[in-house]
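Participant: Pasting query.cif below, which is mmCIF, C-alpha atoms.
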```
data_my_file
loop_
_atom_site.label_atom_id
_atom_site.label_comp_id
_atom_site.auth_asym_id
_atom_site.auth_seq_id
_atom_site.Cartn_x
_atom_site.Cartn_y
_atom_site.Cartn_z
CA MET A 1026 0.00 0.00 0.00
CA SER A 1027 2.76 2.42 0.90
CA GLU A 1028 4.08 2.75 -2.63
CA LEU A 1029 0.66 3.90 -3.75
CA SER A 1030 0.41 6.58 -1.13
CA ASP A 1031 1.67 9.37 -3.37
CA ILE A 1032 -0.82 8.54 -6.13
CA GLU A 1033 -3.96 7.73 -4.21
CA THR A 1034 -6.15 10.44 -2.86
CA ALA A 1035 -8.49 10.19 0.08
CA GLU A 1036 -11.25 8.24 -1.64
CA ARG A 1037 -9.48 6.66 -4.62
CA GLN A 1038 -7.22 3.69 -5.08
CA ILE A 1039 -5.48 2.12 -8.02
CA CYS A 1040 -6.53 -1.37 -9.04
CA VAL A 1041 -3.79 -3.83 -8.12
CA LYS A 1042 -4.16 -5.61 -11.47
CA CYS A 1043 -5.18 -3.23 -14.26
CA GLY A 1044 -4.26 0.11 -12.71
CA ALA A 1045 -7.71 1.67 -13.14
CA LEU A 1046 -8.65 4.43 -10.71
CA ILE A 1047 -11.37 3.05 -8.44
CA ALA A 1048 -13.14 4.06 -5.26
CA LYS A 1049 -11.26 3.21 -2.09
CA GLU A 1050 -14.11 1.27 -0.47
CA HIS A 1051 -14.54 -1.01 -3.47
CA ARG A 1052 -13.36 -4.52 -2.78
CA PHE A 1053 -13.23 -5.48 -6.45
CA CYS A 1054 -12.12 -3.49 -9.48
CA LYS A 1055 -15.11 -2.42 -11.54
CA SER A 1056 -13.29 -2.80 -14.84
CA CYS A 1057 -11.20 -5.98 -14.43
CA GLY A 1058 -12.81 -7.71 -11.44
CA ALA A 1059 -9.53 -8.15 -9.54
CA ARG A 1060 -9.73 -8.41 -5.75
CA GLN A 1061 -8.25 -5.42 -4.00
CA SER A 1062 -6.66 -7.26 -1.13
CA ALA A 1063 -4.62 -5.36 1.37
CA GLU A 1064 -2.10 -8.15 1.72
CA LYS A 1065 0.45 -9.09 -0.87
CA PRO A 1066 0.10 -12.79 -1.68
CA GLU A 1067 3.81 -13.61 -1.25
CA GLU A 1068 3.63 -12.44 2.36
CA SER A 1069 0.88 -14.85 3.31
CA ASP A 1070 2.60 -17.82 1.72
CA ASN A 1071 5.33 -18.11 4.33
CA LYS A 1072 3.09 -17.99 7.39
CA TRP A 1073 3.56 -21.67 8.05
CA ALA A 1074 7.33 -21.27 7.75
CA LEU A 1075 7.20 -18.39 10.24
CA PHE A 1076 5.11 -20.51 12.56
CA LYS A 1077 7.76 -23.23 12.50
CA GLN A 1078 10.42 -20.63 13.25
CA VAL A 1079 8.41 -19.47 16.26
CA ALA A 1080 8.04 -23.10 17.37
CA PHE A 1081 11.81 -23.57 17.14
CA PHE A 1082 12.43 -20.43 19.16
CA TYR A 1083 9.92 -21.46 21.80
CA SER A 1084 11.30 -25.00 22.03
CA ILE A 1085 14.69 -23.59 23.02
CA TYR A 1086 12.98 -21.61 25.77
CA ILE A 1087 10.96 -24.60 26.99
CA GLY A 1088 14.08 -26.76 27.07
CA VAL A 1089 16.26 -24.28 28.94
CA CYS A 1090 13.55 -23.12 31.36
CA GLY A 1091 12.57 -26.73 32.05
CA LEU A 1092 16.16 -27.67 32.84
CA VAL A 1093 16.54 -24.69 35.16
CA SER A 1094 13.25 -25.21 36.97
CA PHE A 1095 13.20 -28.96 37.38
CA THR A 1096 16.82 -29.90 37.77
CA HIS A 1097 19.20 -28.34 40.20
CA ILE A 1098 22.30 -28.62 38.13
CA PHE A 1099 22.64 -24.88 37.63
CA ASN A 1100 23.65 -24.20 41.18
CA THR A 1101 26.94 -22.43 40.66
CA ILE A 1102 27.34 -18.84 39.58
CA LEU A 1103 29.13 -19.83 36.40
CA LEU A 1104 26.41 -22.29 35.27
CA PHE A 1105 23.68 -19.92 36.31
CA VAL A 1106 25.17 -17.06 34.33
CA SER A 1107 25.69 -19.34 31.33
CA VAL A 1108 21.93 -20.15 31.31
CA GLU A 1109 21.17 -16.46 31.34
CA VAL A 1110 23.62 -15.96 28.49
CA VAL A 1111 22.00 -18.77 26.45
CA LEU A 1112 18.51 -17.29 26.90
CA ALA A 1113 19.69 -13.75 26.21
CA GLY A 1114 21.67 -14.96 23.21
CA THR A 1115 18.61 -16.77 21.83
CA ALA A 1116 16.53 -13.62 22.22
CA VAL A 1117 19.14 -11.44 20.55
CA ALA A 1118 19.81 -13.93 17.73
CA PHE A 1119 16.14 -14.32 16.78
CA PHE A 1120 15.53 -10.60 17.12
CA ALA A 1121 18.54 -9.77 14.97
CA TYR A 1122 17.61 -12.39 12.37
CA ASN A 1123 15.04 -9.98 11.04
CA TRP A 1124 17.01 -6.90 12.01
CA ALA A 1125 15.91 -4.71 9.12
CA GLU A 1126 12.32 -4.90 10.31
CA ASN A 1127 12.77 -5.29 14.06
CA LYS A 1128 15.17 -2.39 14.55
CA LYS A 1129 12.30 0.07 14.31
CA LEU A 1130 11.02 -1.29 17.64
CA LEU A 1131 14.15 -0.05 19.32
CA VAL A 1132 13.40 3.51 18.29
CA TRP A 1133 11.81 5.50 21.08
CA ARG A 1134 9.76 8.17 19.38
CA ASN A 1135 7.43 10.43 21.37
CA PHE A 1136 9.38 9.85 24.55
CA SER A 1137 7.33 11.10 27.45
CA TRP A 1138 8.27 11.31 31.12
CA GLN A 1139 4.60 11.33 32.10
CA LYS A 1140 3.92 8.06 30.31
CA LEU A 1141 7.06 6.50 31.69
CA ALA A 1142 6.10 7.52 35.23
CA ALA A 1143 2.55 6.25 34.70
CA TYR A 1144 3.71 2.86 33.48
CA GLY A 1145 6.22 2.66 36.31
CA ALA A 1146 3.49 3.43 38.84
CA ILE A 1147 1.17 0.81 37.36
CA ALA A 1148 4.00 -1.71 37.52
CA VAL A 1149 4.78 -0.98 41.17
CA ALA A 1150 1.07 -1.10 42.08
CA GLY A 1151 0.67 -4.34 40.15
CA SER A 1152 3.65 -5.86 41.87
CA PHE A 1153 2.21 -4.92 45.28
CA LEU A 1154 -1.12 -6.45 44.32
CA VAL A 1155 0.53 -9.65 43.12
CA HIS A 1156 2.73 -9.86 46.18
CA TYR A 1157 -0.16 -9.64 48.61
CA SER A 1158 -2.55 -11.84 46.66
CA VAL A 1159 0.12 -14.44 46.25
CA GLY A 1160 1.04 -14.24 49.91
CA TRP A 1161 -2.60 -14.86 50.57
CA LEU A 1162 -2.57 -17.87 48.26
CA ASN A 1163 0.42 -19.08 50.19
CA VAL A 1164 2.47 -19.68 47.11
CA THR A 1165 6.03 -18.63 46.56
CA ILE A 1166 5.94 -16.85 43.24
CA PHE A 1167 9.53 -15.89 42.93
CA SER A 1168 10.60 -19.45 43.46
CA ARG A 1169 13.21 -19.09 40.76
CA ASP A 1170 14.47 -15.92 42.35
CA GLU A 1171 14.94 -17.64 45.66
CA GLN A 1172 17.42 -19.78 43.86
CA TYR A 1173 19.26 -16.59 42.92
CA TYR A 1174 19.52 -15.55 46.51
CA SER A 1175 21.04 -18.84 47.57
CA ILE A 1176 23.44 -18.79 44.64
CA PHE A 1177 24.66 -15.29 45.35
CA ALA A 1178 24.50 -15.46 49.11
CA GLY A 1179 27.84 -14.57 50.60
CA THR A 1180 29.23 -13.23 47.33
CA LYS A 1181 30.71 -9.77 47.26
CA GLY A 1182 28.07 -7.41 45.91
CA ALA A 1183 25.28 -9.99 46.19
CA ALA A 1184 22.69 -7.22 46.22
CA PHE A 1185 23.93 -5.87 42.95
CA TYR A 1186 23.82 -9.29 41.27
CA ILE A 1187 20.36 -10.06 42.58
CA VAL A 1188 18.94 -6.80 41.26
CA PHE A 1189 20.78 -7.30 38.01
CA PHE A 1190 19.53 -10.85 37.44
CA THR A 1191 15.97 -10.41 38.69
CA ALA A 1192 15.17 -6.95 37.37
CA VAL A 1193 17.60 -5.84 34.67
CA THR A 1194 18.26 -8.90 32.51
CA PRO A 1195 14.71 -10.33 32.52
CA ALA A 1196 13.25 -6.93 31.71
CA LEU A 1197 15.60 -6.47 28.80
CA PHE A 1198 15.88 -9.97 27.34
CA GLU A 1199 12.41 -11.34 28.07
CA GLU A 1200 11.00 -8.24 26.44
CA LEU A 1201 13.36 -8.64 23.51
CA ALA A 1202 12.33 -12.28 23.12
CA PHE A 1203 8.58 -12.10 23.72
CA ARG A 1204 7.50 -8.55 22.87
CA GLY A 1205 10.34 -8.14 20.41
CA TYR A 1206 10.89 -11.22 18.27
CA LEU A 1207 7.85 -13.34 19.15
CA LEU A 1208 5.14 -10.68 18.96
CA GLN A 1209 6.65 -9.14 15.84
CA THR A 1210 6.68 -12.51 14.07
CA LEU A 1211 3.18 -13.44 15.25
CA LEU A 1212 1.90 -10.15 13.86
CA LYS A 1213 2.87 -11.46 10.43
CA ILE A 1214 0.97 -14.71 11.03
CA ALA A 1215 -2.19 -13.49 12.75
CA ASP A 1216 -4.09 -10.26 13.35
CA THR A 1217 -2.92 -7.87 16.07
CA GLU A 1218 -5.30 -9.08 18.75
CA GLN A 1219 -4.51 -12.78 18.30
CA ALA A 1220 -0.77 -12.07 18.09
CA VAL A 1221 -0.86 -10.25 21.45
CA TYR A 1222 -2.92 -13.04 23.04
CA VAL A 1223 -0.59 -15.77 21.82
CA SER A 1224 2.58 -13.92 22.84
CA ALA A 1225 1.11 -13.21 26.27
CA PHE A 1226 0.00 -16.78 26.82
CA LEU A 1227 3.32 -18.24 25.67
CA PHE A 1228 5.17 -15.79 27.91
CA ALA A 1229 2.99 -16.70 30.88
CA ILE A 1230 3.25 -20.48 30.59
CA ILE A 1231 7.02 -20.47 30.03
CA HIS A 1232 7.29 -19.55 33.72
CA LEU A 1233 6.15 -23.15 34.37
CA SER A 1234 3.96 -22.23 37.32
CA PHE A 1235 0.27 -22.71 36.68
CA ILE A 1236 -0.87 -20.88 39.77
CA SER A 1237 1.10 -17.78 38.78
CA LEU A 1238 -0.79 -17.62 35.49
CA PHE A 1239 -3.50 -15.54 37.15
CA TRP A 1240 -1.16 -12.54 37.22
CA LEU A 1241 1.30 -13.48 34.46
CA ILE A 1242 -1.35 -13.45 31.72
CA PRO A 1243 -2.75 -9.97 32.55
CA PHE A 1244 0.82 -8.73 33.03
CA ALA A 1245 1.90 -9.99 29.59
CA LEU A 1246 -1.30 -8.80 27.91
CA PHE A 1247 -0.77 -5.33 29.34
CA ILE A 1248 2.80 -5.08 28.09
CA GLY A 1249 1.75 -6.55 24.73
CA PHE A 1250 -0.91 -3.90 24.18
CA VAL A 1251 1.42 -1.15 25.43
CA ARG A 1252 4.00 -2.33 22.91
CA ILE A 1253 1.40 -2.20 20.10
CA LYS A 1254 0.03 1.16 21.21
CA GLU A 1255 3.36 2.93 21.74
CA ASN A 1256 5.15 1.16 18.91
CA THR A 1257 8.32 0.85 20.93
CA PHE A 1258 9.41 -1.85 23.27
CA TRP A 1259 11.11 0.42 25.82
CA TYR A 1260 8.00 1.22 27.86
CA GLY A 1261 7.53 -2.53 28.25
CA VAL A 1262 11.12 -2.91 29.40
CA PHE A 1263 10.67 -0.16 31.97
CA PHE A 1264 7.36 -1.62 33.15
CA HIS A 1265 8.88 -5.08 33.47
CA PHE A 1266 11.90 -3.64 35.29
CA CYS A 1267 9.78 -1.74 37.84
CA PHE A 1268 7.55 -4.78 38.39
CA ASN A 1269 10.43 -7.17 38.98
CA LEU A 1270 12.41 -4.70 41.06
CA THR A 1271 9.45 -4.21 43.40
CA GLY A 1272 9.00 -7.97 43.65
CA CYS A 1273 12.70 -8.42 44.30
CA LEU A 1274 12.71 -5.79 47.06
CA PHE A 1275 9.73 -7.51 48.68
CA ALA A 1276 11.50 -10.85 48.76
CA TRP A 1277 14.66 -9.25 50.00
CA LEU A 1278 13.56 -6.83 52.69
CA MET B 944 -21.96 -8.34 -32.35
CA GLU B 945 -23.14 -7.90 -28.80
CA ASN B 946 -25.23 -4.87 -29.62
CA ALA B 947 -28.01 -7.16 -30.85
CA LEU B 948 -29.01 -7.44 -27.18
CA PRO B 949 -28.90 -4.06 -25.46
CA VAL B 950 -27.63 -4.34 -21.90
CA PRO B 951 -30.51 -3.53 -19.58
CA PRO B 952 -29.82 -0.89 -16.92
CA ILE B 953 -28.62 -2.78 -13.82
CA GLU B 954 -28.93 -1.35 -10.36
CA LYS B 955 -28.24 -4.33 -8.16
CA CYS B 956 -25.67 -7.09 -8.57
CA ALA B 957 -27.34 -10.37 -9.52
CA HIS B 958 -25.06 -12.26 -7.15
CA CYS B 959 -24.67 -10.24 -3.95
CA TYR B 960 -27.43 -7.61 -4.48
CA ALA B 961 -25.05 -4.76 -3.74
CA GLU B 962 -25.82 -1.48 -5.48
CA ILE B 963 -23.84 -0.91 -8.64
CA LYS B 964 -23.42 1.65 -11.41
CA ASN B 965 -24.52 0.97 -14.95
CA ASP B 966 -21.06 1.18 -16.46
CA ASP B 967 -19.44 -1.20 -13.98
CA VAL B 968 -18.04 -4.26 -15.74
CA TYR B 969 -17.64 -6.13 -12.45
CA CYS B 970 -19.50 -5.80 -9.18
CA THR B 971 -17.38 -3.67 -6.86
CA ASN B 972 -18.57 -5.62 -3.82
CA CYS B 973 -18.20 -9.26 -4.85
CA GLY B 974 -16.38 -9.20 -8.22
CA TYR B 975 -19.28 -10.77 -10.12
CA PRO B 976 -18.84 -10.25 -13.90
CA LEU B 977 -21.93 -8.10 -14.45
CA GLN B 978 -21.38 -7.70 -18.17
CA GLY B 979 -19.67 -11.03 -18.71
CA THR B 980 -20.97 -13.96 -20.73
CA GLU B 981 -23.16 -16.59 -19.11
CA PHE B 982 -20.13 -18.89 -19.00
CA GLU B 983 -18.08 -16.29 -17.14
CA GLN B 984 -20.84 -15.70 -14.67
CA LYS B 985 -21.33 -19.41 -14.03
CA SER B 986 -17.65 -20.09 -13.59
CA PHE B 987 -17.45 -17.16 -11.17
CA ILE B 988 -20.07 -18.83 -8.99
CA ALA B 989 -18.43 -22.27 -9.38
CA ASN B 990 -15.11 -20.77 -8.29
CA LEU B 991 -16.71 -19.31 -5.19
CA GLN B 992 -18.19 -22.72 -4.41
CA VAL B 993 -14.74 -24.30 -4.66
CA ILE B 994 -13.45 -21.74 -2.16
CA GLY B 995 -16.44 -22.54 0.04
CA ILE B 996 -15.67 -26.28 -0.07
CA ASP B 997 -12.01 -25.64 0.81
CA MET B 998 -13.03 -23.42 3.71
CA ALA B 999 -15.48 -26.02 4.97
CA GLU B 1000 -12.67 -28.59 4.93
CA TYR B 1001 -10.38 -26.28 6.91
CA ASN B 1002 -13.18 -25.40 9.32
CA LYS B 1003 -13.68 -29.10 9.97
CA LYS B 1004 -10.03 -29.50 10.95
CA VAL B 1005 -10.19 -26.45 13.21
CA ARG B 1006 -13.28 -27.92 14.88
CA ALA B 1007 -11.51 -31.24 15.37
CA ALA B 1008 -8.63 -29.39 17.05
CA ALA B 1009 -11.09 -27.48 19.26
CA ASN B 1010 -12.65 -30.80 20.26
CA THR B 1011 -9.17 -32.05 21.14
CA LEU B 1012 -8.87 -29.12 23.56
CA TYR B 1013 -12.21 -30.08 25.13
CA TYR B 1014 -11.03 -33.67 25.36
CA LEU B 1015 -7.86 -32.55 27.17
CA SER B 1016 -9.95 -30.48 29.55
CA GLY B 1017 -12.02 -33.54 30.34
CA VAL B 1018 -8.93 -35.68 30.87
CA PHE B 1019 -7.47 -33.19 33.34
CA ILE B 1020 -10.74 -32.81 35.25
CA LEU B 1021 -10.99 -36.58 35.52
CA SER B 1022 -7.39 -37.03 36.63
CA GLY B 1023 -7.82 -34.16 39.10
CA ILE B 1024 -10.85 -35.84 40.68
CA ILE B 1025 -9.17 -39.25 40.76
CA ASN B 1026 -6.00 -37.77 42.28
CA PHE B 1027 -8.04 -35.92 44.86
CA PHE B 1028 -9.62 -39.12 46.12
CA ILE B 1029 -6.40 -41.10 45.99
CA LEU B 1030 -4.40 -38.43 47.85
CA LYS B 1031 -7.23 -37.28 50.10
CA ASP B 1032 -5.21 -37.88 53.25
CA ASN B 1033 -2.01 -36.40 51.86
CA ALA B 1034 -1.11 -32.91 53.15
CA ASP B 1035 -0.04 -31.77 49.65
CA VAL B 1036 -3.25 -32.85 47.97
CA LEU B 1037 -4.24 -29.29 46.99
CA ALA B 1038 -0.79 -28.52 45.59
CA ILE B 1039 -1.25 -31.42 43.16
CA VAL B 1040 -4.95 -31.12 42.40
CA ILE B 1041 -5.26 -27.33 41.97
CA PRO B 1042 -2.75 -27.09 39.07
CA THR B 1043 -4.58 -29.97 37.38
CA PHE B 1044 -7.88 -28.12 37.65
CA ILE B 1045 -6.24 -24.90 36.43
CA LEU B 1046 -5.04 -26.83 33.38
CA ALA B 1047 -8.50 -28.27 32.81
CA MET B 1048 -9.99 -24.79 33.03
CA LEU B 1049 -7.41 -23.36 30.62
CA PHE B 1050 -8.09 -26.05 28.02
CA LEU B 1051 -11.82 -25.52 28.44
CA LEU B 1052 -11.42 -21.76 27.92
CA LEU B 1053 -9.16 -22.26 24.89
CA GLY B 1054 -11.61 -24.74 23.41
CA SER B 1055 -14.59 -22.48 23.87
CA TYR B 1056 -12.86 -19.43 22.35
CA CYS B 1057 -11.58 -21.49 19.45
CA PRO B 1058 -14.44 -20.62 17.06
CA LYS B 1059 -13.75 -16.91 17.66
CA LYS B 1060 -9.94 -16.83 17.67
CA PRO B 1061 -8.91 -20.21 16.24
CA LEU B 1062 -5.25 -19.46 15.65
CA ALA B 1063 -4.62 -17.92 19.07
CA CYS B 1064 -6.43 -20.70 20.92
CA LEU B 1065 -4.85 -23.58 19.04
CA VAL B 1066 -1.28 -22.24 19.26
CA SER B 1067 -1.78 -21.57 22.98
CA GLY B 1068 -3.31 -25.01 23.48
CA LEU B 1069 -0.46 -26.77 21.70
CA ALA B 1070 2.19 -24.86 23.65
CA LEU B 1071 0.43 -25.58 26.93
CA TYR B 1072 0.09 -29.28 26.12
CA ILE B 1073 3.77 -29.59 25.21
CA ILE B 1074 4.82 -27.76 28.36
CA VAL B 1075 2.72 -30.13 30.46
CA GLN B 1076 4.44 -33.07 28.78
CA VAL B 1077 7.87 -31.53 29.39
CA ILE B 1078 7.07 -30.91 33.06
CA ASN B 1079 5.87 -34.50 33.45
CA ALA B 1080 8.96 -35.77 31.67
CA PHE B 1081 11.25 -33.93 34.09
CA ASP B 1082 9.24 -35.39 36.93
CA SER B 1083 9.45 -38.95 35.62
CA PRO B 1084 10.99 -39.54 32.17
CA MET B 1085 8.92 -42.69 31.65
CA SER B 1086 5.70 -40.66 31.62
CA LEU B 1087 6.51 -39.54 28.08
CA ALA B 1088 6.02 -43.07 26.78
CA LYS B 1089 2.71 -43.50 28.57
CA GLY B 1090 -0.13 -43.27 26.06
CA ILE B 1091 2.32 -42.14 23.39
CA ILE B 1092 -0.08 -42.91 20.55
CA ILE B 1093 -2.83 -40.77 22.02
CA LYS B 1094 -0.29 -37.99 22.61
CA ILE B 1095 0.83 -38.11 18.99
CA PHE B 1096 -2.80 -37.94 17.86
CA ILE B 1097 -3.49 -34.97 20.11
CA ILE B 1098 -0.46 -33.07 18.84
CA GLY B 1099 -1.32 -34.06 15.26
CA TYR B 1100 -4.90 -32.75 15.54
CA LEU B 1101 -3.68 -29.51 17.09
CA ILE B 1102 -1.01 -28.95 14.42
CA LYS B 1103 -3.47 -29.71 11.63
CA GLY B 1104 -5.88 -27.28 13.25
CA ILE B 1105 -3.22 -24.56 13.37
CA LYS B 1106 -2.32 -25.14 9.73
CA SER B 1107 -5.97 -24.93 8.75
CA ALA B 1108 -6.52 -21.81 10.83
CA ILE B 1109 -3.60 -20.14 9.05
CA GLU B 1110 -5.02 -21.20 5.67
CA LEU B 1111 -8.49 -19.97 6.64
CA GLU B 1112 -7.22 -16.54 7.62
CA LYS B 1113 -5.20 -16.35 4.44
CA MET B 1114 -8.23 -17.31 2.32
CA LYS B 1115 -10.44 -14.83 4.13
CA LYS B 1116 -7.94 -12.07 3.47
CA GLU B 1117 -7.24 -12.99 -0.14
CA ASN B 1118 -10.90 -13.38 -0.99
CA ASN B 1119 -11.94 -10.35 0.96
CA ILE B 1120 -14.37 -12.29 3.10
CA ILE B 1121 -15.10 -10.38 6.27
#
```
Can the structure from this file be put into structure tokens for me?
Facilitator:
Amino acid sequence: MSELSDIETAERQICVKCGALIAKEHRFCKSCGARQSAEKPEESDNKWALFKQVAFFYSIYIGVCGLVSFTHIFNTILLFVSVEVVLAGTAVAFFAYNWAENKKLLVWRNFSWQKLAAYGAIAVAGSFLVHYSVGWLNVTIFSRDEQYYSIFAGTKGAAFYIVFFTAVTPALFEELAFRGYLLQTLLKIADTEQAVYVSAFLFAIIHLSFISLFWLIPFALFIGFVRIKENTFWYGVFFHFCFNLTGCLFAWL
Amino acid sequence: MENALPVPPIEKCAHCYAEIKNDDVYCTNCGYPLQGTEFEQKSFIANLQVIGIDMAEYNKKVRAAANTLYYLSGVFILSGIINFFILKDNADVLAIVIPTFILAMLFLLLGSYCPKKPLACLVSGLALYIIVQVINAFDSPMSLAKGIIIKIFIIGYLIKGIKSAIELEKMKKENNII
């Protein structure tokens, strides 16, 4: 559509087949009968291929997260950091694979302090809500984080590492993976709404805790829609950071 | 040679009854060849019927996948109830049974929203099912082999459903069906 923008006026379009000038709302050309579809056919042909790529990406996440959650072999700092590096590397690799298109997400147009503060406040409030409701449910939500504390306990600068690995790296790399690569690819397969739902659900269940889904799904849906609305992934990163930092401080203090 | 039969003034498309202008060669709403030969008009309708048959086939596969989600929901409800009665005296009974019921509820929700958002529900359902299998496998590796044929069928139905849902959305877009 974009290449037509300089020719078409408000209520006219050019037929995709014969080039006749036709009304914009017409779904078929009145002189050649061609369908005026918004989508180029070659784009829809590789949806299945894209789906398989997403499946490959997600399998890596399932495998690594499963190993971390259900085995206790990653109990030294070196192994723990190497898991983080593998996940971050996966996120970066898949994101960079379609760099030409994905790089526009990293642009932060219309930066606004008010919005940033508002999202931060929602994140902190949400984290409080989750903390107390989860406490009420008597479930340890940051079960993976507790592992962090035991790993880093007694290390010099433990506080720094804990904040770094519970708030900074997840915010950055989970966002890059799920709101960056995954959502961006799903948008090419499905419509916006379905793409956000799928990315949110996949993000929520990768945490491998079914009771935590009650807050993970709304959390991921919120960030997904923020990402679509603001067209940048940085608000999501900040939101995620504030949320995790609050949770981390709760567990710590 | 065609001027032996003057074209009568047309106001509505003979196929979709949308309003049209006299000089339109094709209907701007459905693409029907208004001034085409009888053969062209008939093959236009036949073509639409072929698309309809294809879509019905894909819809059938999506429905089968949705039924698979309902089936999974039923299986988890059943196993939750059975586990509850087996482990009734165990202190951790709720920790085992509640996740099972959450799973059952999730599959039920995904199944019931499947007609509305087929792609989203089926992809979510497949991912959830695979994650459950992975969790069980970490718990006891032998559980993967248990009922392997049924598992393959479930995954097969879901994948076929996803493929069909992708095709359906593509067809809807390409054919301008809203």
Participant: Can you list what the PyMOL selection byres ((chain B) within 6 of (chain A)) grabs from this structure, as a VMD selection string?
Facilitator: chain B and resid 967 to 969 971 to 972 974 1042 1063 1117
Participant: Let me see the file: selected residues, C-alpha atoms, as a PDB file, in the coordinates of the input.
Facilitator:
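File produced: again-v3.pdb:
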```
ATOM      1  CA  ASP B 967     -19.440  -1.200 -13.980  1.00  0.00           C
ATOM      2  CA  VAL B 968     -18.040  -4.260 -15.740  1.00  0.00           C
ATOM      3  CA  TYR B 969     -17.640  -6.130 -12.450  1.00  0.00           C
ATOM      4  CA  THR B 971     -17.380  -3.670  -6.860  1.00  0.00           C
ATOM      5  CA  ASN B 972     -18.570  -5.620  -3.820  1.00  0.00           C
ATOM      6  CA  GLY B 974     -16.380  -9.200  -8.220  1.00  0.00           C
ATOM      7  CA  PRO B1042      -2.750 -27.090  39.070  1.00  0.00           C
ATOM      8  CA  ALA B1063      -4.620 -17.920  19.070  1.00  0.00           C
ATOM      9  CA  GLU B1117      -7.240 -12.990  -0.140  1.00  0.00           C
TER      10      GLU B1117
END
```
Participant: Hey, what's within 9 Å of Val1108 of chain A if we count all atoms listed in the file and toss same-chain stuff fewer than 2 positions away? As a list of chain:residue names, please?
Facilitator: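 After dropping sequence-adjacent residues, the list is A:Val1089, A:Cys1090, A:Val1093, A:Phe1099, A:Leu1103, A:Leu1104, A:Phe1105, A:Val1106, A:Val1110, A:Val1111, A:Leu1112, A:Ala1113.
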Participant: I need the residue set behind the PyMOL selection byres ((chain B and resi 1022) around 12) for this file; please write it as a ChimeraX atom specification.
Facilitator: /B:1015-1021,1023-1030,1039-1044,1046-1047
Participant: Running the PyMOL selection byres ((chain B and resi 1110) around 12) on this model by hand, what would come out? Give it as a ChimeraX atom specification.
Facilitator: /A:1069-1073,1214-1215 /B:994,997-1002,1004-1005,1061-1062,1103-1109,1111-1118
Participant: Distance atom CA of Lys1089 of chain B-atom CA of His1232 of chain A, one decimal place?
Facilitator: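 So the two atoms, atom CA of Lys1089 of chain B and atom CA of His1232 of chain A, lie 24.9 Å apart.
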Participant: Any idea what the distance is between atom CA of Ala1034 of chain B and atom CA of Asn1079 of chain B?
Facilitator: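 Computing the Euclidean distance for atom CA of Ala1034 of chain B and atom CA of Asn1079 of chain B yields 21.0 Å.
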Participant: Would you mind reading off the distance between atom CA of Ala1142 of chain A and atom CA of Val1193 of chain A, one decimal, in Å?
Facilitator: 17.6 Å
